[in-house]
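File shown here: target-v4.txt, holding compact mmCIF, C-alpha atoms.
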# COMPACT_ATOMS: atom_id res chain seq x y z
CA LEU F 1 4.59 29.73 35.38
CA ASP F 2 2.84 29.94 32.03
CA GLU F 3 5.59 27.85 30.44
CA GLU F 4 5.35 25.26 33.23
CA LYS F 5 1.58 25.10 32.83
CA ARG F 6 1.75 24.68 29.05
CA GLU F 7 4.32 21.92 29.39
CA TRP F 8 2.26 20.22 32.10
CA GLU F 9 -0.84 20.26 29.89
CA ARG F 10 1.24 18.57 27.20
CA VAL F 11 2.56 15.71 29.34
CA ARG F 12 -0.15 15.09 31.94
CA ASN F 13 -2.30 12.81 29.75
CA SER F 14 0.53 11.17 27.84
CA GLU F 15 1.03 8.26 30.27
CA ASP F 16 4.66 8.48 29.21
CA LEU F 17 6.98 7.89 32.16
CA ALA F 18 9.97 9.47 30.43
CA LEU F 19 8.08 12.70 29.71
CA LEU F 20 6.71 12.92 33.23
CA LYS F 21 10.12 12.35 34.81
CA GLN F 22 11.68 14.90 32.50
CA TYR F 23 9.02 17.43 33.56
CA ARG F 24 9.89 16.93 37.24
CA GLU F 25 13.57 17.40 36.51
CA ASN F 26 12.98 20.57 34.49
CA TYR F 27 10.46 22.10 36.91
CA PRO F 28 11.20 20.79 40.44
CA ALA F 29 9.38 23.73 42.08
CA SER F 30 6.34 23.54 39.83
CA PRO F 31 2.91 23.58 41.52
CA PHE F 32 2.22 20.46 39.44
CA ALA F 33 5.29 18.57 40.64
CA ASP F 34 3.39 16.58 43.27
CA GLU F 35 0.73 15.56 40.78
CA ALA F 36 3.47 14.50 38.36
CA ALA F 37 5.08 12.42 41.12
CA ASN F 38 1.78 10.68 41.83
CA LEU F 39 1.27 9.88 38.16
CA ILE F 40 4.79 8.49 37.91
CA GLN F 41 4.17 6.30 40.95
CA ASP F 42 0.88 5.00 39.53
CA LEU F 43 2.38 4.22 36.12
CA GLU F 44 5.37 2.43 37.66
CA ALA F 45 3.01 0.36 39.79
CA GLU F 46 0.93 -0.58 36.76
CA ALA F 47 4.05 -1.59 34.83
CA ALA F 48 5.15 -3.79 37.74
CA ASP F 49 1.80 -5.59 37.69
CA VAL F 50 2.01 -6.56 34.00
CA PRO F 51 2.84 -10.28 33.66
CA GLU F 52 6.19 -10.98 32.05
CA GLU F 53 4.47 -13.04 29.33
CA GLU F 54 2.43 -10.01 28.27
CA LEU F 55 5.53 -7.84 28.18
CA VAL F 56 7.29 -10.38 25.97
CA GLU F 57 4.27 -10.63 23.64
CA GLU F 58 4.03 -6.85 23.41
CA GLU F 59 7.74 -6.57 22.63
CA GLU F 60 7.51 -9.28 19.97
CA SER F 61 4.49 -7.53 18.43
CA GLU F 62 6.37 -4.23 18.27
CA ILE F 63 9.34 -5.97 16.63
CA GLU F 64 7.06 -7.59 14.04
CA LEU F 65 5.34 -4.29 13.23
CA SER F 66 8.72 -2.60 12.81
CA ALA F 67 9.84 -5.42 10.49
CA ILE F 68 6.70 -5.06 8.35
CA ILE F 69 7.16 -1.30 8.00
CA MET F 70 10.85 -1.70 7.11
CA GLU F 71 10.04 -4.36 4.49
CA LEU F 72 7.44 -2.14 2.87
CA GLU F 73 9.75 0.86 2.98
CA ALA F 74 12.54 -1.09 1.26
CA ASP F 75 10.24 -2.17 -1.59
CA PHE F 76 9.07 1.31 -2.60
CA VAL F 77 10.69 3.27 -5.42
CA ARG F 78 10.23 6.92 -6.34
CA ILE F 79 8.45 7.47 -9.63
CA PRO F 80 9.46 10.81 -11.18
CA GLY F 81 6.79 13.21 -12.39
CA GLY F 82 6.01 13.85 -16.04
CA THR F 83 3.29 13.97 -18.67
CA HIS F 84 1.48 11.01 -20.19
CA GLU F 85 -1.29 10.40 -22.69
CA LEU F 86 -4.01 7.99 -21.64
CA GLY F 87 -5.75 6.12 -24.44
CA CYS F 88 -4.87 5.71 -28.11
CA ASP F 89 -6.42 4.83 -31.46
CA ARG F 90 -4.74 1.46 -31.89
CA VAL F 91 -6.69 -1.64 -30.98
CA ASP F 92 -3.53 -3.74 -31.44
CA ARG F 93 -1.99 -1.93 -28.47
CA GLY F 94 -4.98 -2.74 -26.27
CA CYS F 95 -6.83 0.56 -26.65
CA ASN F 96 -10.56 1.04 -27.01
CA PRO F 97 -10.97 4.05 -29.34
CA ASP F 98 -14.34 4.79 -27.70
CA ASP F 99 -12.49 5.71 -24.50
CA GLY F 100 -10.94 8.72 -26.20
CA LYS F 101 -7.67 10.26 -25.04
CA ARG F 102 -6.52 12.52 -22.26
CA ARG F 103 -3.14 14.05 -21.54
CA VAL F 104 -2.28 14.13 -17.86
CA GLN F 105 0.39 15.66 -15.65
CA ILE F 106 1.77 13.22 -13.09
CA GLU F 107 3.37 14.45 -9.88
CA PRO F 108 6.19 12.37 -8.35
CA PHE F 109 4.95 9.50 -6.17
CA TYR F 110 6.12 6.23 -4.66
CA MET F 111 5.08 2.75 -5.77
CA SER F 112 6.06 -0.70 -4.57
CA ARG F 113 8.39 -2.52 -6.92
CA PHE F 114 6.45 -5.75 -6.18
CA GLU F 115 2.81 -6.77 -5.98
CA MET F 116 1.61 -7.34 -2.40
CA THR F 117 2.74 -10.82 -1.36
CA GLN F 118 0.64 -13.42 0.42
CA GLY F 119 3.17 -13.60 3.23
CA LEU F 120 3.08 -9.88 4.00
CA PHE F 121 -0.68 -9.72 3.60
CA SER F 122 -1.12 -12.59 6.06
CA ARG F 123 1.16 -10.97 8.64
CA ILE F 124 -0.89 -7.77 8.50
CA MET F 125 -4.40 -9.25 8.23
CA GLY F 126 -3.96 -12.61 9.96
CA SER F 127 -5.43 -14.52 7.01
CA ASN F 128 -4.81 -15.25 3.34
CA PRO F 129 -7.72 -15.26 0.85
CA SER F 130 -5.63 -16.49 -2.08
CA GLN F 131 -6.70 -19.49 -4.12
CA PHE F 132 -3.08 -20.29 -4.95
CA ALA F 133 -1.93 -20.18 -1.33
CA ASP F 134 1.06 -21.70 0.49
CA CYS F 135 3.43 -19.39 -1.38
CA ASP F 136 4.56 -16.46 0.76
CA ARG F 137 6.33 -14.73 -2.14
CA CYS F 138 3.43 -15.10 -4.59
CA PRO F 139 1.04 -12.16 -5.00
CA VAL F 140 -2.15 -12.15 -2.96
CA GLU F 141 -5.26 -12.69 -5.12
CA ASN F 142 -8.92 -13.64 -4.83
CA ILE F 143 -9.53 -10.29 -3.16
CA SER F 144 -12.13 -7.62 -3.94
CA PHE F 145 -11.71 -3.86 -4.10
CA GLU F 146 -13.68 -3.55 -0.86
CA GLU F 147 -11.28 -5.96 0.84
CA VAL F 148 -8.32 -3.99 -0.49
CA LYS F 149 -9.73 -0.88 1.19
CA ILE F 150 -9.99 -2.76 4.51
CA PHE F 151 -6.39 -3.94 4.11
CA LEU F 152 -5.14 -0.41 3.41
CA ASP F 153 -7.04 0.97 6.41
CA LYS F 154 -5.37 -1.60 8.66
CA LEU F 155 -1.95 -1.02 7.10
CA ASN F 156 -2.23 2.74 7.57
CA SER F 157 -3.26 2.30 11.21
CA LEU F 158 -0.26 0.13 12.19
CA PRO F 159 1.44 1.61 15.27
CA GLY F 160 4.63 3.39 14.28
CA ASN F 161 3.74 3.59 10.59
CA PRO F 162 4.82 7.03 9.28
CA TYR F 163 3.39 6.61 5.77
CA PHE F 164 0.04 6.75 4.00
CA TYR F 165 -0.56 3.85 1.62
CA ARG F 166 -3.13 3.91 -1.18
CA LEU F 167 -3.90 2.45 -4.58
CA PRO F 168 -2.53 4.34 -7.59
CA THR F 169 -4.77 6.34 -9.86
CA GLU F 170 -5.20 4.81 -13.29
CA ALA F 171 -3.07 7.59 -14.75
CA GLU F 172 -0.29 6.88 -12.24
CA TRP F 173 -0.49 3.16 -12.94
CA GLU F 174 -0.19 3.50 -16.72
CA TYR F 175 2.52 6.14 -16.45
CA ALA F 176 4.52 3.91 -14.08
CA ALA F 177 4.01 0.83 -16.28
CA ALA F 178 5.18 2.65 -19.42
CA ALA F 179 8.18 4.12 -17.54
CA GLY F 180 8.68 6.84 -20.11
CA GLY F 181 8.75 4.44 -23.06
CA ASN F 182 6.41 3.20 -25.76
CA ASP F 183 6.65 -0.55 -25.17
CA LEU F 184 3.74 -2.94 -25.55
CA TYR F 185 4.30 -4.43 -22.11
CA ALA F 186 5.74 -3.11 -18.84
CA GLY F 187 9.44 -3.67 -19.42
CA GLY F 188 9.65 -4.27 -23.16
CA ASN F 189 8.02 -5.80 -26.21
CA ASP F 190 8.71 -9.45 -25.32
CA ALA F 191 5.83 -10.56 -23.09
CA GLN F 192 7.50 -13.83 -22.12
CA ARG F 193 10.48 -11.94 -20.67
CA VAL F 194 8.51 -9.44 -18.57
CA ALA F 195 5.14 -11.04 -17.78
CA VAL F 196 3.83 -14.15 -16.02
CA ILE F 197 1.21 -15.31 -18.56
CA ASN F 198 -0.20 -18.38 -20.33
CA ARG F 199 -0.18 -20.48 -17.16
CA ARG F 200 -2.59 -23.19 -16.08
CA ASP F 201 -1.57 -23.51 -12.45
CA GLY F 202 -1.77 -19.96 -11.14
CA THR F 203 0.67 -17.29 -10.07
CA GLU F 204 4.44 -17.22 -9.72
CA GLN F 205 6.60 -15.52 -7.10
CA VAL F 206 6.75 -11.75 -7.47
CA GLY F 207 9.78 -10.46 -9.34
CA SER F 208 10.19 -13.67 -11.37
CA LYS F 209 10.35 -11.72 -14.64
CA SER F 210 12.33 -8.67 -15.72
CA PRO F 211 11.39 -5.21 -14.39
CA ASN F 212 10.62 -2.08 -16.38
CA ALA F 213 12.82 1.02 -16.52
CA PHE F 214 11.43 2.28 -13.19
CA GLY F 215 12.39 -0.99 -11.48
CA LEU F 216 8.78 -2.22 -11.18
CA TYR F 217 7.98 -5.93 -11.57
CA ASP F 218 4.81 -7.70 -12.73
CA MET F 219 3.04 -4.58 -13.98
CA SER F 220 2.13 -6.85 -16.88
CA GLY F 221 0.86 -10.28 -15.85
CA ASN F 222 0.93 -12.43 -12.70
CA VAL F 223 -2.13 -10.79 -11.09
CA ALA F 224 -4.17 -7.83 -12.31
CA GLU F 225 -3.99 -4.66 -10.24
CA PHE F 226 -6.75 -2.40 -8.92
CA CYS F 227 -6.64 1.33 -9.45
CA ILE F 228 -8.52 3.75 -7.24
CA ASP F 229 -10.55 5.15 -10.15
CA SER F 230 -14.04 4.21 -11.23
CA TYR F 231 -14.15 2.99 -14.83
CA ALA F 232 -14.96 5.84 -17.22
CA PRO F 233 -13.91 7.03 -20.70
CA PHE F 234 -10.71 9.06 -20.70
CA SER F 235 -12.60 11.76 -22.56
CA ASN F 236 -15.19 11.93 -19.76
CA PRO F 237 -13.45 10.94 -16.48
CA GLY F 238 -16.32 12.24 -14.35
CA GLN F 239 -18.82 9.76 -15.78
CA SER F 240 -20.38 7.70 -13.00
CA SER F 241 -19.78 3.96 -12.90
CA ARG F 242 -20.27 1.05 -10.50
CA PHE F 243 -17.13 -0.61 -11.85
CA ARG F 244 -13.53 -0.20 -10.73
CA VAL F 245 -10.52 -0.01 -13.08
CA VAL F 246 -8.25 -3.08 -13.23
CA ARG F 247 -4.97 -3.01 -15.15
CA GLY F 248 -2.06 -5.22 -16.12
CA GLY F 249 -3.68 -8.59 -16.85
CA SER F 250 -2.82 -11.84 -15.11
CA TRP F 251 -1.30 -15.30 -15.18
CA ASP F 252 -4.10 -16.82 -17.29
CA ASP F 253 -4.00 -14.15 -20.00
CA ARG F 254 -2.38 -14.33 -23.39
CA GLU F 255 -0.10 -11.58 -24.66
CA THR F 256 -2.98 -9.32 -25.69
CA GLY F 257 -4.40 -9.39 -22.16
CA VAL F 258 -1.32 -7.83 -20.53
CA LEU F 259 -0.72 -4.89 -22.87
CA ILE F 260 0.03 -1.67 -20.99
CA LYS F 261 -2.86 0.17 -22.65
CA ARG F 262 -5.47 -2.54 -22.02
CA ARG F 263 -8.18 -1.70 -19.47
CA GLU F 264 -10.53 -4.00 -17.59
CA GLN F 265 -13.33 -3.34 -15.11
CA ILE F 266 -14.76 -5.16 -12.11
CA GLU F 267 -17.39 -4.53 -9.45
CA ASP F 268 -16.16 -3.45 -6.02
CA ARG F 269 -17.27 -6.63 -4.24
CA THR F 270 -16.11 -9.15 -6.83
CA ALA F 271 -13.03 -11.22 -5.97
CA LEU F 272 -11.25 -13.37 -8.53
CA PRO F 273 -8.02 -15.44 -8.35
CA PHE F 274 -6.20 -13.27 -10.90
Translate the structure of the given file into structure tokens.
Amino acid sequence: LDEEKREWERVRNSEDLALLKQYRENYPASPFADEAANLIQDLEAEAADVPEEELVEEEESEIELSAIIMELEADFVRIPGGTHELGCDRVDRGCNPDDGKRRVQIEPFYMSRFEMTQGLFSRIMGSNPSQFADCDRCPVENISFEEVKIFLDKLNSLPGNPYFYRLPTEAEWEYAAAAGGNDLYAGGNDAQRVAVINRRDGTEQVGSKSPNAFGLYDMSGNVAEFCIDSYAPFSNPGQSSRFRVVRGGSWDDRETGVLIKRREQIEDRTALPF
């Protein structure tokens, strides 16, 4: 009886017809069998009253959500763990010597091989804030850090989503961009080959240039990328700041603006088209 009661407590509020029917089959003599039968009858009656149009819309919505999750899943690559030194003494590599240095240990994590596209963003949020719109495969831009947080909250709450999505830390971003090497840019030392830069008319489709050794595209150029960290010297990471770290540079930068080591900062509520 104790087992029947525990199982009944588990299924009684689920509103899951399959679970309720399975309970009746497993425990036909249960003192809760009649209550289970009544719940099954009520749920079947409710399902019969749902208009066919609503059922079709619900099914289409579930299919779309599954497609979004599968697309995201396919784009992510595993970044192996390792050590990395943040900061350097060389201004020609994009460093600010005043930031100091800090050696960090990076645990393995996953990162999307592409920047978030306008098409996928629109399907999740129902709108597209980008200035250079009408390009589903171009990266979303003109979005603030606060808006990114809203997007991530919605993405993480999608029905059926088994993952937790977040921005990378600055250490993770730089480690992933460098991909174990010492290149100037993410993917090599030839900015024109790996980065969308020096443009007058905005972004290009994601993945238009060559990837780095981890298989990541556009870590240099196209649009700049938020990190979760507040901007602070590497030598004093706990220093308070109202600015957020931005890395990678964008389509309107020259070569010096998309160096792996270069850091930028922006306020949480500021949105720019790069």
Nearest to Asn142 in chain F among F:Ala232, F:Ile260, F:Ala271, F:Leu86, with distances taken over all atoms listed in the file: which residue is it?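 Among the listed residues, F:Ala271 lies closest to Asn142 in chain F.
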Between F:Gly100, F:Gly221, F:Gly119, F:Gly238, which one has atoms that come closest to Ile197 in chain F, using only C-alpha atoms? F:Gly221
What's around range 240-249 of chain F at 8 Å? Count only C-alpha atoms, leave out sequence neighbours fewer than 5 positions away in its own chain, and write the answer as a ChimeraX atom specification. /F:145,170,173,219-232,257-260,262-268,274
Ala74 in chain F surroundings by all atoms listed in the file, 12 Å radius, close-in-sequence under 5 positions cut, as a VMD selection string: chain F and resid 67 to 69 110 to 114
May I have the residues from that selection written out with C-alpha atoms, as a PDB file, keeping the file's coordinate frame?
ATOM      1  CA  ALA F  67       9.840  -5.420  10.490  1.00  0.00           C
ATOM      2  CA  ILE F  68       6.700  -5.060   8.350  1.00  0.00           C
ATOM      3  CA  ILE F  69       7.160  -1.300   8.000  1.00  0.00           C
ATOM      4  CA  TYR F 110       6.120   6.230  -4.660  1.00  0.00           C
ATOM      5  CA  MET F 111       5.080   2.750  -5.770  1.00  0.00           C
ATOM      6  CA  SER F 112       6.060  -0.700  -4.570  1.00  0.00           C
ATOM      7  CA  ARG F 113       8.390  -2.520  -6.920  1.00  0.00           C
ATOM      8  CA  PHE F 114       6.450  -5.750  -6.180  1.00  0.00           C
TER       9      PHE F 114
END
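Atom pair CA of Arg123 in chain F / CA of Thr169 in chain F: separated by 26.0 Å.
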One number please: CA of Phe32 in chain F to CA of Trp8 in chain F, in Å, one decimal.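 We find that CA of Phe32 in chain F and CA of Trp8 in chain F lie 7.3 Å from each other.
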Find the spatial neighbours of Asn212 in chain F, counting all atoms listed in the file, within a cut-off of 10 Å - ignore same-chain residues fewer than 4 positions away - and output them as an MDAnalysis selection string. chainID F and resid 113 176:181 183 185:188 194 216:220
May I have the residues within 12 Å of range 15-23 of chain F as JSON, numbers by chain, using all atoms listed in the file and disregarding those fewer than 2 positions away in the same chain? {"F": [3, 4, 5, 6, 7, 8, 9, 10, 11, 12, 13, 25, 26, 27, 28, 29, 30, 31, 32, 33, 34, 35, 36, 37, 38, 39, 40, 41, 42, 43, 44, 45, 46, 47]}
Under the rule that only C-alpha atoms are counted, which of F:Ile63, F:Ile124, F:Leu184, F:Val104 is the nearest residue to Leu152 in chain F? F:Ile124
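Residue nearest Thr203 in chain F within the list F:Asp92, F:Glu141, F:Glu73, F:Glu62: F:Glu141 [criterion: smallest interatomic distance, only C-alpha atoms].
Residue nearest Phe164 in chain F within the list F:Phe109, F:Ser61, F:Gly207, F:Pro80: F:Phe109 [criterion: smallest interatomic distance, all atoms listed in the file].
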So what do you get for CA of Gly87 in chain F versus CA of Tyr175 in chain F, distance-wise? 11.5 Å
Where's the centre, and what are the edge lengths in Å to one decimal, of a box along x, y and z enclosing all listed atoms of range 12-21 of chain F padded 4 Å per side, as JSON?
{"center_x": 3.9, "center_y": 11.5, "center_z": 31.3, "size_x": 20.4, "size_y": 15.2, "size_z": 15.0}
Counting all atoms listed in the file, I want the residues whose atoms come within 10 Å of (3.5, -8.2, 0.8) in the file frame, returned as a list in words. Ile68, Glu71, Leu72, Asp75, Ser112, Phe114, Glu115, Met116, Thr117, Gln118, Gly119, Leu120, Phe121, Ser122, Arg123, Ile124, Asp136, Arg137, Cys138, Pro139, Val140 and Val206 of chain F
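Nearest-residue note for Met125 in chain F: choosing from F:Arg93, F:Ile106, F:Leu158, F:Glu146, the minimum distance belongs to F:Leu158, counting all atoms listed in the file.
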Write out as a VMD selection string each polymer residue whose atoms come within 9 Å of Gln105 in chain F, counting all atoms listed in the file; drop sequence neighbours fewer than 3 positions from it. chain F and resid 81 to 85 171
Kindly output range 207-231 of chain F as a PDB file, in the frame of the given file, after building N, CA, C and O atoms.
ATOM      1  N   GLY F 207       8.415 -10.738  -8.899  1.00  0.00           N
ATOM      2  CA  GLY F 207       9.780 -10.460  -9.340  1.00  0.00           C
ATOM      3  C   GLY F 207      10.413 -11.577 -10.133  1.00  0.00           C
ATOM      4  O   GLY F 207      11.630 -11.565 -10.321  1.00  0.00           O
ATOM      5  N   SER F 208       9.629 -12.547 -10.610  1.00  0.00           N
ATOM      6  CA  SER F 208      10.190 -13.670 -11.370  1.00  0.00           C
ATOM      7  C   SER F 208      10.621 -13.257 -12.768  1.00  0.00           C
ATOM      8  O   SER F 208      11.470 -13.915 -13.372  1.00  0.00           O
ATOM      9  N   LYS F 209      10.030 -12.204 -13.292  1.00  0.00           N
ATOM     10  CA  LYS F 209      10.350 -11.720 -14.640  1.00  0.00           C
ATOM     11  C   LYS F 209      11.146 -10.425 -14.552  1.00  0.00           C
ATOM     12  O   LYS F 209      11.409  -9.895 -13.470  1.00  0.00           O
ATOM     13  N   SER F 210      11.511  -9.880 -15.694  1.00  0.00           N
ATOM     14  CA  SER F 210      12.330  -8.670 -15.720  1.00  0.00           C
ATOM     15  C   SER F 210      11.496  -7.433 -15.389  1.00  0.00           C
ATOM     16  O   SER F 210      10.318  -7.347 -15.747  1.00  0.00           O
ATOM     17  N   PRO F 211      12.103  -6.434 -14.731  1.00  0.00           N
ATOM     18  CA  PRO F 211      11.390  -5.210 -14.390  1.00  0.00           C
ATOM     19  C   PRO F 211      11.363  -4.226 -15.550  1.00  0.00           C
ATOM     20  O   PRO F 211      12.066  -4.412 -16.561  1.00  0.00           O
ATOM     21  N   ASN F 212      10.574  -3.161 -15.382  1.00  0.00           N
ATOM     22  CA  ASN F 212      10.620  -2.080 -16.380  1.00  0.00           C
ATOM     23  C   ASN F 212      11.685  -1.065 -15.998  1.00  0.00           C
ATOM     24  O   ASN F 212      12.438  -1.260 -15.029  1.00  0.00           O
ATOM     25  N   ALA F 213      11.742   0.037 -16.723  1.00  0.00           N
ATOM     26  CA  ALA F 213      12.820   1.020 -16.520  1.00  0.00           C
ATOM     27  C   ALA F 213      12.733   1.716 -15.169  1.00  0.00           C
ATOM     28  O   ALA F 213      13.728   2.280 -14.696  1.00  0.00           O
ATOM     29  N   PHE F 214      11.571   1.701 -14.527  1.00  0.00           N
ATOM     30  CA  PHE F 214      11.430   2.280 -13.190  1.00  0.00           C
ATOM     31  C   PHE F 214      11.742   1.279 -12.085  1.00  0.00           C
ATOM     32  O   PHE F 214      11.651   1.594 -10.907  1.00  0.00           O
ATOM     33  N   GLY F 215      12.080   0.036 -12.477  1.00  0.00           N
ATOM     34  CA  GLY F 215      12.390  -0.990 -11.480  1.00  0.00           C
ATOM     35  C   GLY F 215      11.160  -1.684 -10.923  1.00  0.00           C
ATOM     36  O   GLY F 215      11.235  -2.312  -9.858  1.00  0.00           O
ATOM     37  N   LEU F 216      10.029  -1.610 -11.632  1.00  0.00           N
ATOM     38  CA  LEU F 216       8.780  -2.220 -11.180  1.00  0.00           C
ATOM     39  C   LEU F 216       8.588  -3.579 -11.853  1.00  0.00           C
ATOM     40  O   LEU F 216       8.774  -3.713 -13.068  1.00  0.00           O
ATOM     41  N   TYR F 217       8.191  -4.569 -11.067  1.00  0.00           N
ATOM     42  CA  TYR F 217       7.980  -5.930 -11.570  1.00  0.00           C
ATOM     43  C   TYR F 217       6.482  -6.242 -11.695  1.00  0.00           C
ATOM     44  O   TYR F 217       5.653  -5.706 -10.950  1.00  0.00           O
ATOM     45  N   ASP F 218       6.157  -7.130 -12.623  1.00  0.00           N
ATOM     46  CA  ASP F 218       4.810  -7.700 -12.730  1.00  0.00           C
ATOM     47  C   ASP F 218       3.720  -6.663 -12.995  1.00  0.00           C
ATOM     48  O   ASP F 218       2.557  -6.892 -12.679  1.00  0.00           O
ATOM     49  N   MET F 219       4.077  -5.534 -13.572  1.00  0.00           N
ATOM     50  CA  MET F 219       3.040  -4.580 -13.980  1.00  0.00           C
ATOM     51  C   MET F 219       2.232  -5.153 -15.133  1.00  0.00           C
ATOM     52  O   MET F 219       1.079  -4.775 -15.342  1.00  0.00           O
ATOM     53  N   SER F 220       2.849  -6.038 -15.893  1.00  0.00           N
ATOM     54  CA  SER F 220       2.130  -6.850 -16.880  1.00  0.00           C
ATOM     55  C   SER F 220       2.140  -8.286 -16.380  1.00  0.00           C
ATOM     56  O   SER F 220       3.195  -8.851 -16.099  1.00  0.00           O
ATOM     57  N   GLY F 221       0.947  -8.878 -16.225  1.00  0.00           N
ATOM     58  CA  GLY F 221       0.860 -10.280 -15.850  1.00  0.00           C
ATOM     59  C   GLY F 221       0.947 -10.562 -14.362  1.00  0.00           C
ATOM     60  O   GLY F 221       0.967  -9.660 -13.530  1.00  0.00           O
ATOM     61  N   ASN F 222       0.961 -11.844 -14.046  1.00  0.00           N
ATOM     62  CA  ASN F 222       0.930 -12.430 -12.700  1.00  0.00           C
ATOM     63  C   ASN F 222      -0.449 -12.231 -12.075  1.00  0.00           C
ATOM     64  O   ASN F 222      -1.262 -13.144 -12.112  1.00  0.00           O
ATOM     65  N   VAL F 223      -0.743 -11.089 -11.452  1.00  0.00           N
ATOM     66  CA  VAL F 223      -2.130 -10.790 -11.090  1.00  0.00           C
ATOM     67  C   VAL F 223      -2.460  -9.373 -11.548  1.00  0.00           C
ATOM     68  O   VAL F 223      -1.598  -8.495 -11.576  1.00  0.00           O
ATOM     69  N   ALA F 224      -3.708  -9.160 -11.904  1.00  0.00           N
ATOM     70  CA  ALA F 224      -4.170  -7.830 -12.310  1.00  0.00           C
ATOM     71  C   ALA F 224      -4.212  -6.911 -11.085  1.00  0.00           C
ATOM     72  O   ALA F 224      -4.308  -7.378  -9.946  1.00  0.00           O
ATOM     73  N   GLU F 225      -4.157  -5.617 -11.322  1.00  0.00           N
ATOM     74  CA  GLU F 225      -3.990  -4.660 -10.240  1.00  0.00           C
ATOM     75  C   GLU F 225      -5.117  -3.619 -10.241  1.00  0.00           C
ATOM     76  O   GLU F 225      -5.424  -3.020 -11.275  1.00  0.00           O
ATOM     77  N   PHE F 226      -5.717  -3.421  -9.068  1.00  0.00           N
ATOM     78  CA  PHE F 226      -6.750  -2.400  -8.920  1.00  0.00           C
ATOM     79  C   PHE F 226      -6.147  -1.008  -8.996  1.00  0.00           C
ATOM     80  O   PHE F 226      -5.038  -0.765  -8.534  1.00  0.00           O
ATOM     81  N   CYS F 227      -6.911  -0.095  -9.561  1.00  0.00           N
ATOM     82  CA  CYS F 227      -6.640   1.330  -9.450  1.00  0.00           C
ATOM     83  C   CYS F 227      -7.760   1.950  -8.616  1.00  0.00           C
ATOM     84  O   CYS F 227      -8.826   1.355  -8.453  1.00  0.00           O
ATOM     85  N   ILE F 228      -7.532   3.133  -8.120  1.00  0.00           N
ATOM     86  CA  ILE F 228      -8.520   3.750  -7.240  1.00  0.00           C
ATOM     87  C   ILE F 228      -9.699   4.325  -8.021  1.00  0.00           C
ATOM     88  O   ILE F 228     -10.770   4.542  -7.473  1.00  0.00           O
ATOM     89  N   ASP F 229      -9.531   4.505  -9.331  1.00  0.00           N
ATOM     90  CA  ASP F 229     -10.550   5.150 -10.150  1.00  0.00           C
ATOM     91  C   ASP F 229     -11.744   4.248 -10.451  1.00  0.00           C
ATOM     92  O   ASP F 229     -11.607   3.028 -10.566  1.00  0.00           O
ATOM     93  N   SER F 230     -12.901   4.884 -10.625  1.00  0.00           N
ATOM     94  CA  SER F 230     -14.040   4.210 -11.230  1.00  0.00           C
ATOM     95  C   SER F 230     -13.813   4.171 -12.746  1.00  0.00           C
ATOM     96  O   SER F 230     -13.157   5.055 -13.309  1.00  0.00           O
ATOM     97  N   TYR F 231     -14.367   3.149 -13.389  1.00  0.00           N
ATOM     98  CA  TYR F 231     -14.150   2.990 -14.830  1.00  0.00           C
ATOM     99  C   TYR F 231     -14.966   4.029 -15.593  1.00  0.00           C
ATOM    100  O   TYR F 231     -16.182   4.134 -15.419  1.00  0.00           O
TER     101      TYR F 231
END
